[in-house]
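Novice: Sending over my_file-v6.pdb (PDB, C-alpha atoms).
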ATOM      1  CA  PRO A   1      -0.444  31.978 -65.760
ATOM      2  CA  TRP A   2      -3.067  32.394 -68.495
ATOM      3  CA  TRP A   3      -4.515  29.242 -70.048
ATOM      4  CA  ASN A   4      -6.063  28.641 -73.454
ATOM      5  CA  LYS A   5      -9.746  28.218 -72.666
ATOM      6  CA  SER A   6     -10.348  26.033 -75.721
ATOM      7  CA  ARG A   7      -8.838  22.994 -73.990
ATOM      8  CA  PHE A   8     -11.571  22.940 -71.342
ATOM      9  CA  LYS A   9     -14.896  21.217 -72.013
ATOM     10  CA  LEU A  10     -16.497  23.053 -69.097
ATOM     11  CA  VAL A  11     -15.791  26.384 -70.807
ATOM     12  CA  ARG A  12     -17.873  25.334 -73.794
ATOM     13  CA  ALA A  13     -20.740  24.393 -71.476
ATOM     14  CA  LEU A  14     -20.544  27.682 -69.583
ATOM     15  CA  GLU A  15     -20.388  29.825 -72.701
ATOM     16  CA  ALA A  16     -23.235  27.896 -74.352
ATOM     17  CA  ASN A  17     -25.424  28.685 -71.334
ATOM     18  CA  ALA A  18     -24.098  32.181 -70.644
ATOM     19  CA  ALA A  19     -27.260  34.032 -71.713
ATOM     20  CA  GLN A  20     -29.419  31.906 -69.404
ATOM     21  CA  ILE A  21     -26.996  32.318 -66.503
ATOM     22  CA  ARG A  22     -26.804  36.073 -67.043
ATOM     23  CA  LYS A  23     -30.594  36.419 -67.133
ATOM     24  CA  GLU A  24     -31.043  34.426 -63.933
ATOM     25  CA  VAL A  25     -28.298  36.232 -62.021
ATOM     26  CA  CYS A  26     -29.518  39.646 -63.133
ATOM     27  CA  LEU A  27     -33.033  38.844 -61.933
ATOM     28  CA  VAL A  28     -31.572  38.274 -58.483
ATOM     29  CA  LEU A  29     -29.235  41.264 -58.520
ATOM     30  CA  PHE A  30     -31.336  43.880 -60.257
ATOM     31  CA  SER A  31     -34.850  42.903 -59.222
ATOM     32  CA  SER A  32     -37.525  45.204 -57.815
ATOM     33  CA  LYS A  33     -37.024  46.913 -54.463
ATOM     34  CA  LYS A  34     -39.441  44.516 -52.793
ATOM     35  CA  GLU A  35     -37.638  41.448 -54.109
ATOM     36  CA  LYS A  36     -34.283  43.014 -53.320
ATOM     37  CA  ALA A  37     -35.310  43.556 -49.720
ATOM     38  CA  ASP A  38     -35.786  39.801 -49.383
ATOM     39  CA  LEU A  39     -32.143  39.052 -50.256
ATOM     40  CA  LYS A  40     -29.965  38.016 -47.348
ATOM     41  CA  TYR A  41     -26.622  39.699 -46.757
ATOM     42  CA  SER A  42     -23.857  38.386 -44.517
ATOM     43  CA  GLU A  43     -20.792  40.020 -42.985
ATOM     44  CA  SER A  44     -19.410  36.554 -42.195
ATOM     45  CA  MET A  45     -16.331  35.371 -44.066
ATOM     46  CA  GLN A  46     -17.382  31.731 -43.643
ATOM     47  CA  ALA A  47     -17.770  30.246 -47.107
ATOM     48  CA  GLU A  48     -20.799  28.247 -46.007
ATOM     49  CA  SER A  49     -22.756  31.384 -45.027
ATOM     50  CA  THR A  50     -26.228  31.701 -46.496
ATOM     51  CA  GLY A  51     -26.787  34.834 -48.539
ATOM     52  CA  TRP A  52     -24.420  37.374 -50.028
ATOM     53  CA  ARG A  53     -20.913  37.688 -48.621
ATOM     54  CA  ASN A  54     -19.810  41.314 -48.405
ATOM     55  CA  THR A  55     -16.157  42.350 -48.364
ATOM     56  CA  SER A  56     -15.529  46.066 -47.904
ATOM     57  CA  ALA A  57     -12.371  48.131 -47.855
ATOM     58  CA  ASP A  58     -12.912  49.326 -44.280
ATOM     59  CA  LYS A  59     -12.637  45.816 -42.787
ATOM     60  CA  HIS A  60      -9.601  43.920 -41.512
ATOM     61  CA  GLY A  61      -7.864  40.573 -41.933
ATOM     62  CA  TRP A  62      -8.600  38.741 -45.201
ATOM     63  CA  ARG A  63     -10.761  41.670 -46.264
ATOM     64  CA  GLN A  64      -7.663  43.821 -46.707
ATOM     65  CA  VAL A  65      -7.494  42.402 -50.237
ATOM     66  CA  VAL A  66     -10.151  45.039 -51.035
ATOM     67  CA  SER A  67      -8.359  48.374 -51.081
ATOM     68  CA  ALA A  68     -11.416  50.376 -52.175
ATOM     69  CA  GLY A  69     -15.104  49.757 -52.777
ATOM     70  CA  THR A  70     -17.159  46.624 -52.140
ATOM     71  CA  TRP A  71     -16.890  43.028 -53.342
ATOM     72  CA  ARG A  72     -20.021  40.886 -52.962
ATOM     73  CA  GLU A  73     -20.297  37.149 -53.520
ATOM     74  CA  LEU A  74     -23.072  34.575 -53.571
ATOM     75  CA  VAL A  75     -21.266  31.323 -52.754
ATOM     76  CA  LEU A  76     -22.836  28.257 -54.401
ATOM     77  CA  TYR A  77     -20.126  25.838 -53.270
ATOM     78  CA  GLY A  78     -17.716  26.608 -50.447
ATOM     79  CA  GLY A  79     -16.404  25.379 -47.128
ATOM     80  CA  GLY A  80     -16.515  21.821 -48.441
ATOM     81  CA  ALA A  81     -20.250  21.849 -49.225
ATOM     82  CA  ARG A  82     -22.970  22.885 -51.635
ATOM     83  CA  ILE A  83     -24.825  25.896 -50.196
ATOM     84  CA  ASP A  84     -28.375  24.850 -50.990
ATOM     85  CA  ASP A  85     -30.094  28.075 -49.875
ATOM     86  CA  ASN A  86     -27.878  30.108 -52.177
ATOM     87  CA  CYS A  87     -28.247  27.655 -55.062
ATOM     88  CA  ARG A  88     -32.033  27.984 -54.822
ATOM     89  CA  GLN A  89     -31.697  31.663 -55.724
ATOM     90  CA  VAL A  90     -30.189  30.691 -59.114
ATOM     91  CA  PRO A  91     -31.509  27.158 -59.787
ATOM     92  CA  LYS A  92     -30.591  26.877 -63.469
ATOM     93  CA  THR A  93     -27.077  28.142 -62.851
ATOM     94  CA  ALA A  94     -26.707  25.791 -59.894
ATOM     95  CA  ALA A  95     -27.886  22.827 -61.948
ATOM     96  CA  LEU A  96     -25.227  23.561 -64.549
ATOM     97  CA  VAL A  97     -22.360  23.908 -62.085
ATOM     98  CA  ASP A  98     -23.551  20.748 -60.309
ATOM     99  CA  SER A  99     -22.539  18.903 -63.487
ATOM    100  CA  ILE A 100     -18.971  20.290 -63.555
ATOM    101  CA  GLU A 101     -17.125  17.620 -61.597
ATOM    102  CA  GLU A 102     -13.699  19.238 -61.776
ATOM    103  CA  ALA A 103     -15.125  22.229 -59.890
ATOM    104  CA  THR A 104     -17.542  20.537 -57.472
ATOM    105  CA  SER A 105     -15.049  17.856 -56.383
ATOM    106  CA  LEU A 106     -12.417  20.508 -55.633
ATOM    107  CA  ALA A 107     -14.978  22.499 -53.664
ATOM    108  CA  HIS A 108     -15.997  19.417 -51.677
ATOM    109  CA  ALA A 109     -12.301  18.886 -50.913
ATOM    110  CA  LYS A 110     -12.185  22.427 -49.491
ATOM    111  CA  GLY A 111      -9.750  23.473 -52.175
ATOM    112  CA  GLY A 112     -11.920  25.997 -53.978
ATOM    113  CA  GLU A 113     -15.290  27.679 -54.421
ATOM    114  CA  ILE A 114     -17.990  28.289 -57.008
ATOM    115  CA  LEU A 115     -19.642  31.681 -56.681
ATOM    116  CA  ILE A 116     -21.190  34.720 -58.279
ATOM    117  CA  SER A 117     -18.869  37.687 -57.837
ATOM    118  CA  VAL A 118     -20.032  41.308 -57.960
ATOM    119  CA  LEU A 119     -17.650  44.260 -57.882
ATOM    120  CA  GLU A 120     -19.279  47.608 -57.264
ATOM    121  CA  PRO A 121     -17.951  50.613 -59.245
ATOM    122  CA  GLY A 122     -14.676  51.927 -57.852
ATOM    123  CA  THR A 123     -13.674  48.623 -56.261
ATOM    124  CA  MET A 124      -9.984  47.753 -56.295
ATOM    125  CA  LEU A 125      -8.500  44.400 -55.253
ATOM    126  CA  ARG A 126      -4.885  44.596 -54.118
ATOM    127  CA  PRO A 127      -2.237  42.346 -55.700
ATOM    128  CA  HIS A 128      -2.688  38.934 -54.060
ATOM    129  CA  CYS A 129      -2.004  35.247 -54.663
ATOM    130  CA  GLY A 130      -4.247  32.210 -54.355
ATOM    131  CA  PRO A 131      -3.308  29.377 -51.995
ATOM    132  CA  SER A 132      -2.070  26.691 -54.396
ATOM    133  CA  ASN A 133      -1.174  25.905 -58.005
ATOM    134  CA  ASN A 134      -3.113  22.630 -57.740
ATOM    135  CA  ARG A 135      -6.062  24.528 -59.183
ATOM    136  CA  LEU A 136      -7.031  26.982 -61.908
ATOM    137  CA  THR A 137      -9.670  29.704 -61.833
ATOM    138  CA  VAL A 138     -12.378  30.182 -64.456
ATOM    139  CA  HIS A 139     -14.357  33.424 -64.832
ATOM    140  CA  LEU A 140     -17.469  33.652 -67.006
ATOM    141  CA  GLY A 141     -18.271  37.283 -67.812
ATOM    142  CA  LEU A 142     -21.934  38.129 -67.164
ATOM    143  CA  VAL A 143     -22.185  41.925 -66.826
ATOM    144  CA  ILE A 144     -19.008  43.695 -67.894
ATOM    145  CA  PRO A 145     -18.982  47.498 -68.044
ATOM    146  CA  GLU A 146     -16.110  49.434 -69.523
ATOM    147  CA  GLY A 147     -13.185  50.184 -67.250
ATOM    148  CA  CYS A 148     -12.672  46.729 -65.679
ATOM    149  CA  ILE A 149      -9.187  45.211 -65.733
ATOM    150  CA  ILE A 150      -7.641  42.054 -64.287
ATOM    151  CA  ARG A 151      -3.871  41.615 -64.154
ATOM    152  CA  VAL A 152      -2.314  38.183 -63.698
ATOM    153  CA  ALA A 153       1.481  38.204 -63.416
ATOM    154  CA  GLU A 154       2.584  40.787 -65.992
ATOM    155  CA  GLU A 155      -0.396  40.681 -68.358
ATOM    156  CA  GLU A 156      -3.580  42.726 -68.120
ATOM    157  CA  ARG A 157      -6.839  41.569 -69.658
ATOM    158  CA  THR A 158     -10.526  42.319 -69.332
ATOM    159  CA  TRP A 159     -13.678  40.215 -69.414
ATOM    160  CA  GLU A 160     -16.235  39.788 -72.189
ATOM    161  CA  GLU A 161     -19.895  39.102 -71.581
ATOM    162  CA  GLY A 162     -20.640  35.460 -72.343
ATOM    163  CA  LYS A 163     -16.966  34.502 -72.546
ATOM    164  CA  CYS A 164     -14.596  32.747 -70.156
ATOM    165  CA  ILE A 165     -11.044  33.416 -69.062
ATOM    166  CA  VAL A 166      -8.874  30.800 -67.356
ATOM    167  CA  PHE A 167      -5.829  31.513 -65.207
ATOM    168  CA  ASP A 168      -3.659  30.193 -62.386
ATOM    169  CA  ASP A 169      -4.496  32.344 -59.373
ATOM    170  CA  SER A 170      -1.380  31.266 -57.481
ATOM    171  CA  PHE A 171       0.330  33.937 -59.591
ATOM    172  CA  GLU A 172      -0.019  37.478 -58.278
ATOM    173  CA  HIS A 173      -3.171  39.102 -59.599
ATOM    174  CA  GLU A 174      -5.239  42.212 -59.009
ATOM    175  CA  VAL A 175      -8.480  43.747 -60.233
ATOM    176  CA  LYS A 176      -9.378  47.374 -60.933
ATOM    177  CA  HIS A 177     -12.950  48.469 -61.574
ATOM    178  CA  ARG A 178     -13.011  52.035 -62.878
ATOM    179  CA  GLY A 179     -16.412  51.635 -64.533
ATOM    180  CA  GLU A 180     -19.751  53.117 -63.563
ATOM    181  CA  SER A 181     -21.899  50.023 -62.954
ATOM    182  CA  PRO A 182     -21.398  46.637 -61.228
ATOM    183  CA  ARG A 183     -19.151  44.003 -62.782
ATOM    184  CA  VAL A 184     -20.647  40.518 -62.456
ATOM    185  CA  ILE A 185     -18.976  37.164 -63.157
ATOM    186  CA  LEU A 186     -19.443  33.488 -62.344
ATOM    187  CA  LEU A 187     -16.251  32.149 -60.737
ATOM    188  CA  LEU A 188     -15.206  28.514 -60.497
ATOM    189  CA  ASN A 189     -12.028  27.012 -59.080
ATOM    190  CA  ILE A 190     -11.173  23.755 -60.874
ATOM    191  CA  TRP A 191      -8.519  21.094 -60.527
ATOM    192  CA  HIS A 192      -5.321  21.828 -62.418
ATOM    193  CA  PRO A 193      -5.500  19.570 -65.508
ATOM    194  CA  GLU A 194      -1.985  18.236 -64.884
ATOM    195  CA  ILE A 195      -2.564  17.133 -61.287
ATOM    196  CA  THR A 196      -2.348  13.359 -60.827
ATOM    197  CA  PRO A 197      -5.128  11.162 -59.436
ATOM    198  CA  ALA A 198      -2.903  10.380 -56.461
ATOM    199  CA  GLU A 199      -2.539  14.086 -55.714
ATOM    200  CA  LYS A 200      -6.300  14.517 -56.003
ATOM    201  CA  ASP A 201      -6.792  11.727 -53.507
ATOM    202  CA  ALA A 202      -4.443  13.367 -51.018
ATOM    203  CA  SER A 203      -5.991  15.304 -48.188
ATOM    204  CA  MET A 204      -6.717  18.707 -49.684
ATOM    205  CA  GLU A 205      -7.569  20.074 -46.276
ATOM    206  CA  THR A 206      -4.031  19.298 -45.148
ATOM    207  CA  MET A 207      -2.546  20.514 -48.408
ATOM    208  CA  PHE A 208      -4.235  23.898 -48.084
ATOM    209  CA  SER A 209      -4.037  24.277 -44.319
ATOM    210  CA  GLN A 210      -0.793  26.223 -44.367
ATOM    211  CA  SER A 211      -1.785  28.608 -47.129
ATOM    212  CA  MET A 212      -5.573  28.822 -47.456
ATOM    213  CA  ALA A 213      -5.646  32.553 -46.739
ATOM    214  CA  TYR A 214      -4.904  34.770 -49.697
ATOM    215  CA  LYS A 215      -1.568  36.567 -49.706
ATOM    216  CA  TRP A 216      -1.478  40.222 -50.678
ATOM    217  CA  HIS A 217       1.195  42.845 -51.097
TER
END
Can you present the structure in this file as structure tokens?
Specialist:
Amino acid sequence: PWWNKSRFKLVRALEANAAQIRKEVCLVLFSSKKEKADLKYSESMQAESTGWRNTSADKHGWRQVVSAGTWRELVLYGGGARIDDNCRQVPKTAALVDSIEEATSLAHAKGGEILISVLEPGTMLRPHCGPSNNRLTVHLGLVIPEGCIIRVAEEERTWEEGKCIVFDDSFEHEVKHRGESPRVILLLNIWHPEITPAEKDASMETMFSQSMAYKWH
């Protein structure tokens, strides 16, 4: 389930620009009270929503993946489209991900997302599985406090600031944040490198229609 990140050109681009991405994202997240008041928050689970997507443990349906705490996301690509209002909040980051075709084309095919993910302290994500092994997931660590763990299949790892991890999220995985400050990453779903052009050309909407919701245990 874990992949060697060195085989992916996009990882080198992300890590080379990690300091710039981190600075830009932190300006949005940890700005002054006045600037923070201008941020838009959304309770909608629609990927194309403008503003931050909040997922709390006291909700139902898909949100049951969060067993404790709060998971917030700023979706840059989702629901088959680029979310321009959200991308304008982090223009340099958006410009970089715009150039990563293996992520943007999957997102346009409604097979994945590109987003900034924030876990508040104490947040726990239940064991769950992504919808398909036609894709991989890339995380770039931006703000990583101590006490954050991700388990994929049988192996636990953590994140490093400025470094990427790559894994197949169709395997069962879970996240535990026992730290004392928010954990922030940039997340990209990308095409599986072994998928054929013919499979890429197939209707991803149909391919994912039976399993797009995450499965949890």
Novice: Just want the 10 Å neighbourhood of Asp98 (chain A), counted on all atoms listed in the file, with same-chain residues fewer than 5 positions away dropped. Output as number ranges by chain.
Specialist: A: 76-77, 82, 87, 92-93, 103-105, 114
Novice: Here's a test: counting only C-alpha atoms, identify every protein, DNA and RNA residue with an atom at most 12 Å from (-20.7, 46.0, -60.0) in the file's coordinate frame, and state them as a PyMOL selection string.
Specialist: chain A and resi 26+29-30+69-73+116-124+141-148+176-185
Novice: State, in Å with one decimal place, the distance from CA of Leu187 (chain A) to CA of Leu140 (chain A).
Specialist: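 Computing the Euclidean distance for CA of Leu187 (chain A) and CA of Leu140 (chain A) yields 6.6 Å.
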Novice: May I have the residues within 8 Å of Asn133 (chain A) as an mmCIF file with C-alpha atoms, keeping the file's coordinate frame, using only C-alpha atoms and disregarding those fewer than 5 positions away in the same chain?
Specialist:
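This went into out02.cif:
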data_model
loop_
_atom_site.group_PDB
_atom_site.id
_atom_site.type_symbol
_atom_site.label_atom_id
_atom_site.label_comp_id
_atom_site.auth_asym_id
_atom_site.auth_seq_id
_atom_site.Cartn_x
_atom_site.Cartn_y
_atom_site.Cartn_z
ATOM 1 C CA ASP A 168 -3.659 30.193 -62.386
ATOM 2 C CA ASP A 169 -4.496 32.344 -59.373
ATOM 3 C CA SER A 170 -1.380 31.266 -57.481
ATOM 4 C CA HIS A 192 -5.321 21.828 -62.418
#
Novice: If we draw a sphere of 9 Å around (-10.3, 22.6, -54.2), which residues have at least one atom in it when counting only C-alpha atoms? Please report them as a PyMOL selection string.
Specialist: chain A and resi 80+102-113+134-135+189-191+204-205+208
Novice: Where atoms are missing, can you supply all heavy atoms for region 69-80 of chain A and output the lot as a short mmCIF file (atom, residue, chain, number, x, y, z; two decimals), in the frame of the given file?
Specialist:
data_model
loop_
_atom_site.label_atom_id
_atom_site.label_comp_id
_atom_site.auth_asym_id
_atom_site.auth_seq_id
_atom_site.Cartn_x
_atom_site.Cartn_y
_atom_site.Cartn_z
N GLY A 69 -13.84 50.25 -52.27
CA GLY A 69 -15.10 49.76 -52.78
C GLY A 69 -15.64 48.54 -52.04
O GLY A 69 -15.27 48.26 -50.90
N THR A 70 -16.48 47.77 -52.73
CA THR A 70 -17.16 46.62 -52.14
C THR A 70 -17.19 45.46 -53.12
O THR A 70 -17.49 45.63 -54.30
CB THR A 70 -18.61 46.98 -51.75
OG1 THR A 70 -18.58 48.05 -50.79
CG2 THR A 70 -19.33 45.79 -51.12
N TRP A 71 -16.89 44.29 -52.60
CA TRP A 71 -16.89 43.03 -53.34
C TRP A 71 -17.95 42.14 -52.70
O TRP A 71 -17.87 41.83 -51.53
CB TRP A 71 -15.50 42.42 -53.24
CG TRP A 71 -15.27 41.12 -53.93
CD1 TRP A 71 -16.08 40.47 -54.82
CD2 TRP A 71 -14.10 40.29 -53.79
NE1 TRP A 71 -15.50 39.31 -55.24
CE2 TRP A 71 -14.28 39.18 -54.62
CE3 TRP A 71 -12.93 40.39 -53.04
CZ2 TRP A 71 -13.33 38.16 -54.72
CZ3 TRP A 71 -11.99 39.39 -53.14
CH2 TRP A 71 -12.18 38.29 -53.98
N ARG A 72 -18.96 41.74 -53.47
CA ARG A 72 -20.02 40.89 -52.96
C ARG A 72 -20.00 39.55 -53.68
O ARG A 72 -19.72 39.48 -54.88
CB ARG A 72 -21.40 41.54 -53.15
CG ARG A 72 -21.60 42.80 -52.36
CD ARG A 72 -23.06 43.20 -52.35
NE ARG A 72 -23.51 43.68 -53.66
CZ ARG A 72 -24.68 43.40 -54.21
NH1 ARG A 72 -25.52 42.59 -53.60
NH2 ARG A 72 -25.01 43.91 -55.38
N GLU A 73 -20.32 38.48 -52.94
CA GLU A 73 -20.30 37.15 -53.52
C GLU A 73 -21.49 36.35 -53.03
O GLU A 73 -21.86 36.42 -51.85
CB GLU A 73 -19.02 36.40 -53.12
CG GLU A 73 -17.73 37.08 -53.58
CD GLU A 73 -16.53 36.52 -52.84
OE1 GLU A 73 -16.49 36.67 -51.61
OE2 GLU A 73 -15.66 35.93 -53.50
N LEU A 74 -22.08 35.58 -53.93
CA LEU A 74 -23.07 34.58 -53.57
C LEU A 74 -22.40 33.22 -53.78
O LEU A 74 -22.18 32.80 -54.92
CB LEU A 74 -24.33 34.69 -54.43
CG LEU A 74 -25.46 33.74 -54.04
CD1 LEU A 74 -26.07 34.15 -52.69
CD2 LEU A 74 -26.56 33.72 -55.11
N VAL A 75 -22.04 32.57 -52.69
CA VAL A 75 -21.27 31.32 -52.75
C VAL A 75 -22.21 30.15 -52.98
O VAL A 75 -23.11 29.89 -52.17
CB VAL A 75 -20.45 31.11 -51.46
CG1 VAL A 75 -19.65 29.81 -51.55
CG2 VAL A 75 -19.52 32.29 -51.22
N LEU A 76 -22.02 29.43 -54.09
CA LEU A 76 -22.84 28.26 -54.40
C LEU A 76 -22.20 26.99 -53.82
O LEU A 76 -22.92 26.10 -53.35
CB LEU A 76 -23.01 28.13 -55.92
CG LEU A 76 -23.56 29.37 -56.63
CD1 LEU A 76 -23.72 29.10 -58.13
CD2 LEU A 76 -24.88 29.82 -56.02
N TYR A 77 -20.89 26.91 -53.91
CA TYR A 77 -20.13 25.84 -53.27
C TYR A 77 -18.99 26.48 -52.50
O TYR A 77 -18.24 27.30 -53.04
CB TYR A 77 -19.51 24.89 -54.31
CG TYR A 77 -20.43 23.84 -54.87
CD1 TYR A 77 -21.38 24.16 -55.83
CD2 TYR A 77 -20.31 22.50 -54.48
CE1 TYR A 77 -22.21 23.18 -56.38
CE2 TYR A 77 -21.12 21.51 -55.03
CZ TYR A 77 -22.07 21.86 -55.98
OH TYR A 77 -22.89 20.88 -56.52
N GLY A 78 -18.83 26.09 -51.24
CA GLY A 78 -17.72 26.61 -50.45
C GLY A 78 -17.68 25.94 -49.09
O GLY A 78 -18.69 25.37 -48.64
N GLY A 79 -16.54 25.99 -48.44
CA GLY A 79 -16.40 25.38 -47.13
C GLY A 79 -16.60 23.88 -47.15
O GLY A 79 -16.98 23.28 -46.15
N GLY A 80 -16.37 23.27 -48.32
CA GLY A 80 -16.52 21.82 -48.44
C GLY A 80 -17.93 21.34 -48.70
O GLY A 80 -18.19 20.14 -48.61
#
